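What's in run-v1.txt: compact mmCIF, C-alpha atoms and all ligand atoms
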# COMPACT_ATOMS: atom_id res chain seq x y z
CA MET A 1 127.27 118.47 122.99
CA GLU A 2 123.98 120.23 123.37
CA TYR A 3 120.87 118.28 124.34
CA LYS A 4 117.31 119.52 124.29
CA ILE A 5 115.08 118.22 127.06
CA ALA A 6 111.31 118.74 127.23
CA LEU A 7 110.09 119.05 130.82
CA ILE A 8 106.59 118.01 131.77
CA LYS A 9 106.43 118.76 135.46
CA GLY A 10 102.85 117.57 135.84
CA ASP A 11 100.69 117.60 138.93
CA GLY A 12 100.96 117.06 142.68
CA ILE A 13 104.60 116.56 143.66
CA GLY A 14 105.61 116.59 139.95
CA PRO A 15 106.93 120.18 139.85
CA GLU A 16 108.88 119.77 143.12
CA ILE A 17 110.69 116.61 142.04
CA ILE A 18 111.38 117.69 138.45
CA ASP A 19 112.94 120.91 139.79
CA GLN A 20 115.38 118.79 141.80
CA ALA A 21 116.33 116.64 138.81
CA VAL A 22 117.00 119.82 136.85
CA ARG A 23 119.28 121.07 139.64
CA VAL A 24 121.26 117.84 139.48
CA LEU A 25 121.49 118.00 135.68
CA LYS A 26 122.74 121.59 135.92
CA ALA A 27 125.44 120.44 138.34
CA VAL A 28 126.47 117.71 135.87
CA GLU A 29 126.42 120.28 133.07
CA GLU A 30 128.85 122.46 135.00
CA LYS A 31 131.18 119.59 135.82
CA CYS A 32 131.23 117.87 132.45
CA GLY A 33 130.85 120.72 129.97
CA HIS A 34 127.65 119.50 128.30
CA SER A 35 124.79 121.83 127.60
CA PHE A 36 121.25 120.88 128.56
CA LYS A 37 118.50 123.11 127.17
CA PHE A 38 115.23 122.73 129.04
CA GLU A 39 111.82 123.62 127.72
CA GLU A 40 108.79 123.36 129.96
CA VAL A 41 105.48 122.20 128.50
CA LEU A 42 102.14 121.19 130.00
CA ALA A 43 100.32 117.88 130.19
CA GLY A 44 97.82 116.26 132.54
CA GLY A 45 95.84 118.21 135.11
CA ALA A 46 97.95 121.36 134.75
CA ALA A 47 97.20 121.40 131.02
CA ILE A 48 93.49 120.82 131.63
CA ASP A 49 93.41 123.81 133.99
CA ALA A 50 95.35 126.08 131.65
CA GLU A 51 94.09 125.02 128.23
CA GLY A 52 91.17 122.65 128.69
CA VAL A 53 92.92 119.59 127.21
CA ASN A 54 95.22 117.01 128.82
CA LEU A 55 97.76 117.11 126.01
CA PRO A 56 98.03 120.38 124.07
CA ASP A 57 99.40 120.09 120.49
CA ARG A 58 102.32 122.29 121.42
CA THR A 59 103.42 119.81 124.10
CA LEU A 60 103.58 117.01 121.57
CA GLU A 61 105.46 119.25 119.11
CA VAL A 62 108.07 120.30 121.66
CA CYS A 63 108.51 116.69 122.81
CA LYS A 64 109.06 115.56 119.23
CA GLU A 65 111.63 118.29 118.63
CA SER A 66 113.53 117.46 121.80
CA ASP A 67 116.17 114.78 122.36
CA ALA A 68 114.32 113.41 125.40
CA VAL A 69 111.41 114.10 127.71
CA MET A 70 111.39 114.21 131.50
CA LEU A 71 108.06 113.77 133.25
CA GLY A 72 107.06 114.20 136.90
CA ALA A 73 103.64 112.62 137.30
CA VAL A 74 100.12 113.55 136.31
CA GLY A 75 96.69 113.29 137.88
CA GLY A 76 95.07 113.91 141.22
CA PRO A 77 91.74 114.13 143.04
CA LYS A 78 90.96 117.52 141.48
CA TRP A 79 90.39 115.82 138.10
CA ASP A 80 88.92 112.52 139.32
CA ASP A 81 85.44 113.27 137.97
CA LEU A 82 86.71 113.43 134.39
CA LYS A 83 86.09 110.34 132.27
CA GLY A 84 88.12 108.30 129.78
CA GLU A 85 89.84 110.35 127.10
CA LEU A 86 89.60 113.52 129.19
CA ARG A 87 91.52 112.20 132.20
CA PRO A 88 94.99 113.61 132.97
CA GLU A 89 96.58 110.11 132.91
CA LYS A 90 95.32 109.56 129.37
CA ALA A 91 97.93 112.12 128.24
CA LEU A 92 100.65 109.58 129.07
CA LEU A 93 99.19 106.83 126.89
CA THR A 94 98.88 109.29 124.02
CA LEU A 95 102.45 110.50 124.53
CA ARG A 96 103.83 106.94 124.58
CA ARG A 97 101.97 106.03 121.43
CA GLU A 98 102.69 109.27 119.53
CA LEU A 99 106.37 109.18 120.44
CA GLY A 100 106.69 105.48 119.53
CA LEU A 101 108.03 104.52 122.95
CA TYR A 102 107.82 100.74 122.70
CA ALA A 103 110.39 99.74 125.32
CA ASN A 104 109.75 100.31 128.99
CA ILE A 105 112.85 99.81 131.09
CA ARG A 106 112.45 99.58 134.83
CA PRO A 107 115.35 98.80 137.10
CA ALA A 108 114.39 97.28 140.44
CA VAL A 109 117.37 97.92 142.63
CA MET A 110 117.51 97.36 146.33
CA PHE A 111 119.88 99.77 147.98
CA GLU A 112 122.01 97.96 150.55
CA GLU A 113 121.50 100.79 153.02
CA LEU A 114 117.73 100.38 152.85
CA ALA A 115 117.54 96.61 153.00
CA ASP A 116 115.20 96.74 155.99
CA ALA A 117 112.49 98.29 153.76
CA CYS A 118 112.33 95.05 151.77
CA PRO A 119 109.32 92.89 152.70
CA LEU A 120 111.19 89.64 151.97
CA LYS A 121 113.32 87.67 154.43
CA ASP A 122 116.90 88.86 154.83
CA GLU A 123 118.44 85.63 153.51
CA ILE A 124 116.45 85.89 150.25
CA VAL A 125 117.84 89.32 149.37
CA GLU A 126 121.22 89.11 151.04
CA GLY A 127 123.79 91.07 149.05
CA GLY A 128 121.12 93.23 147.42
CA LEU A 129 118.94 93.03 144.32
CA ASP A 130 119.60 94.50 140.92
CA ILE A 131 117.07 93.52 138.27
CA VAL A 132 116.07 95.28 135.05
CA ILE A 133 112.65 94.66 133.58
CA VAL A 134 112.31 95.29 129.85
CA ARG A 135 108.60 95.50 129.06
CA GLU A 136 107.01 95.80 125.62
CA LEU A 137 104.87 98.93 125.83
CA THR A 138 102.88 99.52 122.64
CA GLY A 139 101.52 96.07 121.71
CA GLY A 140 99.87 93.05 123.29
CA ILE A 141 96.48 92.87 124.95
CA TYR A 142 96.31 96.58 125.80
CA PHE A 143 96.35 97.42 122.09
CA GLY A 144 94.73 94.36 120.45
CA LYS A 145 91.24 93.98 119.00
CA ARG A 146 88.57 94.63 121.59
CA ALA A 147 84.81 94.89 121.83
CA THR A 148 81.86 94.71 124.13
CA GLU A 149 78.86 92.93 122.67
CA GLY A 150 76.09 93.05 125.21
CA SER A 151 76.94 90.51 127.88
CA HIS A 152 80.16 89.45 126.09
CA ALA A 153 83.44 91.39 125.88
CA TYR A 154 86.94 90.59 124.71
CA ASP A 155 90.49 91.99 124.47
CA CYS A 156 92.94 90.17 122.20
CA MET A 157 96.60 89.61 122.94
CA GLU A 158 98.23 90.22 119.58
CA TYR A 159 101.90 90.44 118.70
CA TRP A 160 103.76 90.87 115.44
CA GLU A 161 107.18 89.30 115.06
CA TYR A 162 108.80 92.72 114.49
CA GLU A 163 107.35 94.01 117.77
CA VAL A 164 108.85 91.10 119.68
CA ALA A 165 112.14 91.26 117.81
CA ARG A 166 112.78 94.95 118.55
CA ILE A 167 112.06 94.67 122.27
CA ALA A 168 114.12 91.46 122.49
CA GLU A 169 116.99 93.28 120.81
CA ARG A 170 116.82 95.98 123.53
CA ALA A 171 116.87 93.39 126.29
CA PHE A 172 119.89 91.58 124.85
CA GLU A 173 121.77 94.87 124.33
CA ILE A 174 121.14 95.76 127.97
CA ALA A 175 122.16 92.27 129.08
CA MET A 176 125.46 92.60 127.19
CA LYS A 177 126.34 95.55 129.43
CA ARG A 178 125.31 93.69 132.57
CA ASN A 179 125.59 90.06 133.60
CA LYS A 180 124.69 88.56 130.23
CA LYS A 181 121.52 86.81 131.28
CA VAL A 182 118.02 87.30 129.88
CA THR A 183 114.91 85.66 131.31
CA SER A 184 112.06 85.88 128.82
CA VAL A 185 108.62 85.59 130.38
CA ASP A 186 105.55 84.39 128.48
CA LYS A 187 102.67 81.93 128.66
CA ALA A 188 103.71 79.73 125.75
CA ASN A 189 102.03 76.64 127.19
CA VAL A 190 98.65 78.28 126.53
CA LEU A 191 98.90 81.30 124.20
CA ASP A 192 99.74 81.41 120.49
CA SER A 193 101.04 84.97 120.84
CA SER A 194 103.44 83.66 123.49
CA ARG A 195 104.65 80.86 121.22
CA LEU A 196 105.49 83.50 118.60
CA TRP A 197 107.13 85.54 121.35
CA ARG A 198 109.33 82.62 122.41
CA LYS A 199 110.31 81.67 118.87
CA THR A 200 111.24 85.27 118.09
CA VAL A 201 113.27 85.69 121.27
CA GLU A 202 115.15 82.47 120.37
CA LYS A 203 115.93 83.95 116.95
CA THR A 204 117.26 87.18 118.46
CA ALA A 205 119.25 85.20 121.02
CA LYS A 206 121.28 83.61 118.22
CA LYS A 207 122.80 87.05 117.56
CA TYR A 208 123.99 87.19 121.16
CA PRO A 209 125.73 83.87 121.81
CA GLU A 210 127.38 85.24 124.96
CA VAL A 211 124.05 85.86 126.63
CA GLU A 212 122.40 83.06 128.57
CA VAL A 213 118.67 82.82 127.78
CA GLU A 214 116.00 81.29 129.90
CA HIS A 215 112.22 81.09 129.33
CA LEU A 216 109.73 81.13 132.18
CA TYR A 217 105.96 80.99 132.23
CA VAL A 218 104.57 84.14 133.79
CA ASP A 219 102.93 82.40 136.74
CA ASN A 220 106.19 80.74 137.64
CA ALA A 221 108.09 84.03 137.14
CA ALA A 222 105.75 85.81 139.56
CA MET A 223 106.48 83.12 142.12
CA GLN A 224 110.23 83.04 141.52
CA LEU A 225 110.39 86.82 142.06
CA VAL A 226 109.49 86.40 145.71
CA VAL A 227 111.13 83.01 146.29
CA ASN A 228 114.49 83.62 144.63
CA PRO A 229 114.70 87.08 143.05
CA LYS A 230 118.49 86.98 142.85
CA GLN A 231 118.34 84.53 139.93
CA PHE A 232 117.14 87.38 137.69
CA ASP A 233 119.20 89.94 135.86
CA VAL A 234 117.28 91.15 132.78
CA ILE A 235 113.62 90.14 132.53
CA LEU A 236 112.13 90.50 129.05
CA THR A 237 108.37 90.38 128.72
CA GLY A 238 105.20 91.61 127.02
CA ASN A 239 102.98 94.53 127.89
CA MET A 240 100.54 93.08 130.42
CA PHE A 241 102.89 90.54 132.03
CA GLY A 242 105.45 93.34 132.33
CA ASP A 243 102.93 95.70 133.88
CA ILE A 244 102.25 93.20 136.64
CA LEU A 245 105.78 91.86 137.15
CA SER A 246 107.38 95.30 137.21
CA ASP A 247 105.12 96.43 140.04
CA GLU A 248 105.88 93.23 141.90
CA ALA A 249 109.63 93.59 141.37
CA SER A 250 109.71 97.23 142.42
CA MET A 251 107.78 96.53 145.61
CA ILE A 252 110.16 93.78 146.72
CA THR A 253 112.80 96.49 146.84
CA GLY A 254 110.51 98.32 149.26
CA SER A 255 110.83 101.80 147.86
CA ILE A 256 108.39 103.64 145.62
CA GLY A 257 110.19 106.98 145.97
CA LEU A 258 113.51 105.59 144.72
CA LEU A 259 112.81 103.83 141.44
CA PRO A 260 113.15 105.40 137.98
CA SER A 261 111.89 104.29 134.59
CA ALA A 262 112.56 104.88 130.92
CA SER A 263 110.33 104.48 127.90
CA ILE A 264 112.39 104.31 124.74
CA GLY A 265 111.66 104.38 121.04
CA GLU A 266 113.70 104.53 117.86
CA GLN A 267 117.13 106.21 117.91
CA ASN A 268 117.16 105.99 121.71
CA TYR A 269 114.65 108.80 121.97
CA GLY A 270 112.94 108.44 125.31
CA MET A 271 110.71 109.64 128.10
CA PHE A 272 112.00 109.36 131.65
CA GLU A 273 109.89 109.38 134.78
CA PRO A 274 109.71 108.04 138.33
CA ILE A 275 107.54 104.94 138.74
CA HIS A 276 105.36 106.60 141.37
CA GLY A 277 102.39 108.93 140.84
CA SER A 278 101.69 112.53 141.79
CA ALA A 279 101.34 111.78 145.54
CA PRO A 280 98.64 114.42 146.15
CA ASP A 281 98.71 113.64 149.89
CA ILE A 282 102.16 115.24 150.27
CA ALA A 283 102.16 117.71 147.38
CA GLY A 284 103.49 121.19 148.04
CA GLN A 285 105.07 120.19 151.36
CA ASN A 286 108.71 119.93 150.24
CA LYS A 287 108.52 116.39 151.58
CA ALA A 288 108.56 114.16 148.48
CA ASN A 289 111.54 111.97 147.76
CA PRO A 290 113.14 113.28 144.55
CA ILE A 291 115.51 110.31 144.13
CA ALA A 292 113.34 108.33 141.66
CA THR A 293 113.23 111.40 139.44
CA ILE A 294 116.94 112.14 139.82
CA LEU A 295 117.71 108.52 138.87
CA SER A 296 115.35 108.91 135.90
CA ALA A 297 117.56 111.80 134.78
CA ALA A 298 120.54 109.46 135.12
CA MET A 299 118.76 106.92 132.89
CA MET A 300 118.17 109.67 130.33
CA LEU A 301 121.88 110.44 130.20
CA LYS A 302 122.69 106.75 129.71
CA TYR A 303 119.95 105.56 127.37
CA SER A 304 119.16 108.64 125.27
CA PHE A 305 122.42 110.59 125.27
CA GLY A 306 124.97 107.78 125.66
CA LEU A 307 126.58 109.65 128.58
CA GLU A 308 127.36 106.54 130.64
CA ALA A 309 130.01 108.07 132.87
CA GLU A 310 127.83 111.04 133.76
CA SER A 311 124.91 108.72 134.43
CA ALA A 312 127.03 106.60 136.78
CA MET A 313 128.17 109.80 138.48
CA ILE A 314 124.59 110.62 139.46
CA GLU A 315 123.88 107.04 140.59
CA ASN A 316 126.98 107.05 142.75
CA ALA A 317 126.09 110.41 144.26
CA VAL A 318 122.67 109.05 145.25
CA LYS A 319 124.26 105.95 146.79
CA LYS A 320 126.75 108.10 148.65
CA ALA A 321 124.00 110.33 150.05
CA LEU A 322 122.05 107.27 151.21
CA LYS A 323 125.18 105.72 152.68
CA GLY A 324 125.75 108.98 154.54
CA GLY A 325 122.44 108.35 156.32
CA HIS A 326 120.54 111.11 154.53
CA ARG A 327 116.84 110.26 154.38
CA THR A 328 113.58 111.82 153.23
CA ALA A 329 110.39 111.18 155.20
CA ASP A 330 109.33 108.09 153.22
CA ILE A 331 112.53 106.19 154.02
CA SER A 332 113.43 107.69 157.39
CA LYS A 333 113.07 105.69 160.58
CA GLU A 334 113.76 108.71 162.75
CA GLU A 335 111.49 111.59 163.67
CA SER A 336 113.67 113.97 161.72
CA TYR A 337 114.19 113.82 157.98
CA LEU A 338 115.42 115.91 155.08
CA SER A 339 113.19 117.91 152.76
CA THR A 340 113.00 117.41 148.99
CA VAL A 341 115.44 120.28 148.48
CA GLU A 342 117.81 119.26 151.29
CA ILE A 343 118.33 115.67 150.10
CA THR A 344 119.07 117.08 146.64
CA ASP A 345 121.65 119.42 148.23
CA ARG A 346 123.36 116.32 149.68
CA ILE A 347 123.28 114.52 146.34
CA ILE A 348 124.73 117.51 144.51
CA ALA A 349 127.43 117.81 147.17
CA ALA A 350 128.27 114.13 146.59
CA LEU A 351 128.55 114.50 142.80
P1 LIG A 401 101.26 107.56 144.17
O1 LIG A 401 102.45 106.85 143.68
O2 LIG A 401 101.10 108.96 143.76
O3 LIG A 401 101.25 107.52 145.78
C1 LIG A 401 101.22 106.31 146.53
C2 LIG A 401 101.80 106.57 147.94
O4 LIG A 401 103.22 106.70 147.83
C3 LIG A 401 101.30 107.87 148.56
O5 LIG A 401 101.18 107.68 149.95
C4 LIG A 401 102.41 108.86 148.28
O6 LIG A 401 102.52 109.90 149.24
C5 LIG A 401 103.64 107.97 148.30
N1 LIG A 401 104.68 108.48 147.37
C6 LIG A 401 104.67 108.42 146.01
N2 LIG A 401 105.76 109.00 145.51
C7 LIG A 401 106.48 109.45 146.56
C8 LIG A 401 107.72 110.15 146.67
N3 LIG A 401 108.44 110.52 145.60
N4 LIG A 401 108.15 110.44 147.91
C9 LIG A 401 107.46 110.09 148.99
N5 LIG A 401 106.30 109.42 148.95
C10 LIG A 401 105.80 109.11 147.74
O7 LIG A 401 99.99 106.69 143.73
P2 LIG A 401 98.44 107.01 143.88
O8 LIG A 401 98.17 107.68 145.19
O9 LIG A 401 97.77 105.76 143.55
O10 LIG A 401 98.10 108.04 142.72
C11 LIG A 401 98.02 109.45 142.87
C12 LIG A 401 97.74 110.07 141.52
O11 LIG A 401 98.85 109.86 140.65
C13 LIG A 401 96.53 109.48 140.80
O12 LIG A 401 95.85 110.51 140.16
C14 LIG A 401 97.15 108.53 139.79
O13 LIG A 401 96.33 108.31 138.69
C15 LIG A 401 98.40 109.29 139.43
N6 LIG A 401 99.48 108.43 138.89
C16 LIG A 401 100.23 108.96 137.90
C17 LIG A 401 101.29 108.25 137.37
C18 LIG A 401 102.11 108.91 136.33
O14 LIG A 401 101.93 110.08 136.06
N7 LIG A 401 103.04 108.21 135.74
C19 LIG A 401 101.63 106.90 137.85
C20 LIG A 401 100.81 106.46 138.94
C21 LIG A 401 99.76 107.21 139.43
MG MG A 402 100.79 99.53 136.02

Could you write out this structure as structure tokens?
Amino acid sequence: MEYKIALIKGDGIGPEIIDQAVRVLKAVEEKCGHSFKFEEVLAGGAAIDAEGVNLPDRTLEVCKESDAVMLGAVGGPKWDDLKGELRPEKALLTLRRELGLYANIRPAVMFEELADACPLKDEIVEGGLDIVIVRELTGGIYFGKRATEGSHAYDCMEYWEYEVARIAERAFEIAMKRNKKVTSVDKANVLDSSRLWRKTVEKTAKKYPEVEVEHLYVDNAAMQLVVNPKQFDVILTGNMFGDILSDEASMITGSIGLLPSASIGEQNYGMFEPIHGSAPDIAGQNKANPIATILSAAMMLKYSFGLEAESAMIENAVKKALKGGHRTADISKEESYLSTVEITDRIIAAL
């Protein structure tokens, strides 16, 4: 099969880490006989410098024509004086909305070999952590009615049943391929939108009798994540609660340079990116950890292309490289460490 992938390298470390993901995909291509066609387009600061806008029309066109999008990260101090709509990061919100990417999927996995990076006590995370957060991305309070009226301002948390149903469906499908447990997080004791959320999740759950469903209030969920994170498998939640909980969950694994994410829309079309930003402090030094981006490529193979075996191949290669003691600066405890390119060499060798 041939797959077309739009590449938005972005700013800061973006180009360095995307280049490594492309190297890994080319190695998979060679091994498995698929064909990946890459097309590079601009967004964020790089686009502002070249064309004066953060998201050129052509970028959106190429993304829409492609089967998936890979993104490094955008933004940096160079563009910090720009306001609102003009900011590099605004390009991402526009992309998500224009591409209809309503499901944000963020695995929070603690690699056994890096357990000492976890801020929680050993006994709490013994045996490792493997959680997937499924966050609704195009509704809720970030997109509801809003206004500022003098000394009064409001943002409304609004949800339609169809918005809840489609994200719930995603979560249950993912759960079916994992440990068949979904924890839905809301604030149904207080919010009407959460009561609709809960009712809709219950309705979807009926289609998946094998999956165990649990409902938690968001405040309790935040607490449970640090007290007993191993109880979670798939966490299903709305836009704002998911924004907060996914940052919390990723940080208990201790590793910003290791975690990937996917934003998916209809027909499994998706955009895949590391959870971290453009890390301007280490840009251009061949020092960034490319693993989050390489694992984002693995998510693309699984979620957008249905290439589960190839996706697992990349994940296993990363685990093998880590097991072999190979470390970039951010996760190394020694004076010496591997460069962005060198760790990728090890991962490709392990494929
Ligand atoms: P950041 O994630 O870029 O950096 C936070 C810290 O983590 C820095 O010390 C950085 O060196 C380190 N770090 C991040 N990724 C790393 C990697 N792969 N390997 C090794 N170390 C890594 O967050 P920060 O500093 O808040 O934001 C920098 C810029 O990135 C800002 O302009 C921000 O708006 C933008 N940003 C963009 C995102 C995106 O494009 N999706 C997401 C988050 C931030
Ligand atoms: Mg956030």

List every residue of chain A that has an atom at most 8 Å from any atom of ligand MG 402 (chain A), and for each one report the closest atom pair and its distance in Å to one decimal, counting only C-alpha atoms and all ligand atoms, with rows sorted by chain and then by increasing residue number, as a tab-separated table.
residue	atom	partner	partner_atom	distance
A:Asp243	CA	A:MG402	MG	4.9
A:Ile244	CA	A:MG402	MG	6.5
A:Ser246	CA	A:MG402	MG	7.9
A:Asp247	CA	A:MG402	MG	6.7

Kindly save the residues from that selection, with C-alpha atoms included, as a short mmCIF file (atom, residue, chain, number, x, y, z; two decimals), in the coordinates of the input.
data_model
loop_
_atom_site.label_atom_id
_atom_site.label_comp_id
_atom_site.auth_asym_id
_atom_site.auth_seq_id
_atom_site.Cartn_x
_atom_site.Cartn_y
_atom_site.Cartn_z
CA ASP A 243 102.93 95.70 133.88
CA ILE A 244 102.25 93.20 136.64
CA SER A 246 107.38 95.30 137.21
CA ASP A 247 105.12 96.43 140.04
#

**Study point:** Protein and nucleic residues near ligand LIG 401 (chain A), 8 Å, all atoms listed in the file, as a ChimeraX atom specification
**Key:** /A:10,12-13,17,71-77,79-80,88-89,92,256-258,273-282,287-293,328-330

Keeping only C-alpha atoms, write those residues as a compact mmCIF listing (two decimals), in the frame of the given file.
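Listing of selection.txt after writing:
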# COMPACT_ATOMS: atom_id res chain seq x y z
CA GLY A 10 102.85 117.57 135.84
CA GLY A 12 100.96 117.06 142.68
CA ILE A 13 104.60 116.56 143.66
CA ILE A 17 110.69 116.61 142.04
CA LEU A 71 108.06 113.77 133.25
CA GLY A 72 107.06 114.20 136.90
CA ALA A 73 103.64 112.62 137.30
CA VAL A 74 100.12 113.55 136.31
CA GLY A 75 96.69 113.29 137.88
CA GLY A 76 95.07 113.91 141.22
CA PRO A 77 91.74 114.13 143.04
CA TRP A 79 90.39 115.82 138.10
CA ASP A 80 88.92 112.52 139.32
CA PRO A 88 94.99 113.61 132.97
CA GLU A 89 96.58 110.11 132.91
CA LEU A 92 100.65 109.58 129.07
CA ILE A 256 108.39 103.64 145.62
CA GLY A 257 110.19 106.98 145.97
CA LEU A 258 113.51 105.59 144.72
CA GLU A 273 109.89 109.38 134.78
CA PRO A 274 109.71 108.04 138.33
CA ILE A 275 107.54 104.94 138.74
CA HIS A 276 105.36 106.60 141.37
CA GLY A 277 102.39 108.93 140.84
CA SER A 278 101.69 112.53 141.79
CA ALA A 279 101.34 111.78 145.54
CA PRO A 280 98.64 114.42 146.15
CA ASP A 281 98.71 113.64 149.89
CA ILE A 282 102.16 115.24 150.27
CA LYS A 287 108.52 116.39 151.58
CA ALA A 288 108.56 114.16 148.48
CA ASN A 289 111.54 111.97 147.76
CA PRO A 290 113.14 113.28 144.55
CA ILE A 291 115.51 110.31 144.13
CA ALA A 292 113.34 108.33 141.66
CA THR A 293 113.23 111.40 139.44
CA THR A 328 113.58 111.82 153.23
CA ALA A 329 110.39 111.18 155.20
CA ASP A 330 109.33 108.09 153.22

Point to revise | Residue contacts of Gly140 of chain A (10 Å, all atoms listed in the file) excluding same-chain residues fewer than 3 positions away, as an MDAnalysis selection string | key: chainID A and resid 136:137 143:145 155:160 163:164 193 238:241

Quick one: write out the picked residues with C-alpha atoms as a compact mmCIF listing (two decimals), in the frame of the given file?
# COMPACT_ATOMS: atom_id res chain seq x y z
CA GLU A 136 107.01 95.80 125.62
CA LEU A 137 104.87 98.93 125.83
CA PHE A 143 96.35 97.42 122.09
CA GLY A 144 94.73 94.36 120.45
CA LYS A 145 91.24 93.98 119.00
CA ASP A 155 90.49 91.99 124.47
CA CYS A 156 92.94 90.17 122.20
CA MET A 157 96.60 89.61 122.94
CA GLU A 158 98.23 90.22 119.58
CA TYR A 159 101.90 90.44 118.70
CA TRP A 160 103.76 90.87 115.44
CA GLU A 163 107.35 94.01 117.77
CA VAL A 164 108.85 91.10 119.68
CA SER A 193 101.04 84.97 120.84
CA GLY A 238 105.20 91.61 127.02
CA ASN A 239 102.98 94.53 127.89
CA MET A 240 100.54 93.08 130.42
CA PHE A 241 102.89 90.54 132.03

Review point. Which polymer residues have any atom within 12 Å of an atom of Thr200 of chain A, counting only C-alpha atoms, with same-chain residues fewer than 6 positions away left out, as a PyMOL selection string?
Key: chain A and resi 159-169+184+186+193-194+206-207

Point to revise | Nearest candidate to Lys177 of chain A (options A:Val234, A:Met251, A:Ala47, A:Met1; using only C-alpha atoms) | key: A:Val234

Check your understanding: atom CA of Met223 of chain A and atom CA of Glu123 of chain A, how far apart in Å?
Key ->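 Answer for the atom CA of Glu123 of chain A to atom CA of Met223 of chain A separation: 16.7 Å.
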
Practice item. Select, from A:Ala117, A:Val132, A:Met300, A:Ala221, the residue with the minimum atom-to-atom distance to Tyr3 of chain A, counting only C-alpha atoms. Key: A:Met300

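Nearest to Val62 of chain A of all the residues A:Glu39, A:Glu335, A:Asp345, A:Glu310 is A:Glu39, counting all atoms listed in the file.
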
Practice item. Please identify all polymer residues within 10 Å of Leu301 of chain A, counting only C-alpha atoms, omitting same-chain residues fewer than 3 positions from it, and present them as a PyMOL selection string. Key: chain A and resi 3+25+68+295-298+304-312+314

**Study point:** Distance in Å - atom CA of Asp11 of chain A versus atom CA of Gly45 of chain A
**Key:**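 Going from atom CA of Asp11 of chain A over to atom CA of Gly45 of chain A covers 6.2 Å.
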
Exercise for review: Please measure the separation of atom CA of Thr344 of chain A and atom CA of Glu113 of chain A, giving the value in Å to one decimal.
Suggested key: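 The value is 17.7 Å.
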
Exercise for review: Select all residues near (127.7, 87.8, 120.3) (cut-off 12 Å, inclusive, file coordinates), counting all atoms listed in the file, and output them as a ChimeraX atom specification.
Suggested key: /A:172-173,175-176,180,204-212

Point to revise | Residue nearest Lys4 of chain A among A:Gln231, A:Ala115, A:Asp49, A:Gly270 (counting only C-alpha atoms) | key: A:Gly270

Fill-in result for segment 284-295 of chain A, N, CA and C atoms as a PDB file, in the frame of the given file:
ATOM      1  N   GLY A 284     103.292 119.823 147.580  1.00  0.00           N
ATOM      2  CA  GLY A 284     103.490 121.190 148.040  1.00  0.00           C
ATOM      3  C   GLY A 284     104.089 121.295 149.430  1.00  0.00           C
ATOM      4  N   GLN A 285     104.541 120.172 149.993  1.00  0.00           N
ATOM      5  CA  GLN A 285     105.070 120.190 151.360  1.00  0.00           C
ATOM      6  C   GLN A 285     106.586 120.090 151.424  1.00  0.00           C
ATOM      7  N   ASN A 286     107.254 120.066 150.278  1.00  0.00           N
ATOM      8  CA  ASN A 286     108.710 119.930 150.240  1.00  0.00           C
ATOM      9  C   ASN A 286     109.134 118.662 150.992  1.00  0.00           C
ATOM     10  N   LYS A 287     108.356 117.605 150.800  1.00  0.00           N
ATOM     11  CA  LYS A 287     108.520 116.390 151.580  1.00  0.00           C
ATOM     12  C   LYS A 287     108.773 115.170 150.688  1.00  0.00           C
ATOM     13  N   ALA A 288     108.442 115.304 149.403  1.00  0.00           N
ATOM     14  CA  ALA A 288     108.560 114.160 148.480  1.00  0.00           C
ATOM     15  C   ALA A 288     110.013 113.751 148.293  1.00  0.00           C
ATOM     16  N   ASN A 289     110.205 112.479 148.060  1.00  0.00           N
ATOM     17  CA  ASN A 289     111.540 111.970 147.760  1.00  0.00           C
ATOM     18  C   ASN A 289     111.838 112.197 146.268  1.00  0.00           C
ATOM     19  N   PRO A 290     112.861 112.981 145.958  1.00  0.00           N
ATOM     20  CA  PRO A 290     113.140 113.280 144.550  1.00  0.00           C
ATOM     21  C   PRO A 290     114.058 112.240 143.890  1.00  0.00           C
ATOM     22  N   ILE A 291     114.463 111.204 144.637  1.00  0.00           N
ATOM     23  CA  ILE A 291     115.510 110.310 144.130  1.00  0.00           C
ATOM     24  C   ILE A 291     115.064 109.539 142.879  1.00  0.00           C
ATOM     25  N   ALA A 292     113.811 109.064 142.846  1.00  0.00           N
ATOM     26  CA  ALA A 292     113.340 108.330 141.660  1.00  0.00           C
ATOM     27  C   ALA A 292     113.456 109.208 140.412  1.00  0.00           C
ATOM     28  N   THR A 293     113.175 110.486 140.577  1.00  0.00           N
ATOM     29  CA  THR A 293     113.230 111.400 139.440  1.00  0.00           C
ATOM     30  C   THR A 293     114.680 111.721 139.064  1.00  0.00           C
ATOM     31  N   ILE A 294     115.512 111.882 140.072  1.00  0.00           N
ATOM     32  CA  ILE A 294     116.940 112.140 139.820  1.00  0.00           C
ATOM     33  C   ILE A 294     117.574 110.934 139.119  1.00  0.00           C
ATOM     34  N   LEU A 295     117.188 109.720 139.546  1.00  0.00           N
ATOM     35  CA  LEU A 295     117.710 108.520 138.870  1.00  0.00           C
ATOM     36  C   LEU A 295     117.122 108.360 137.470  1.00  0.00           C
TER      37      LEU A 295
END
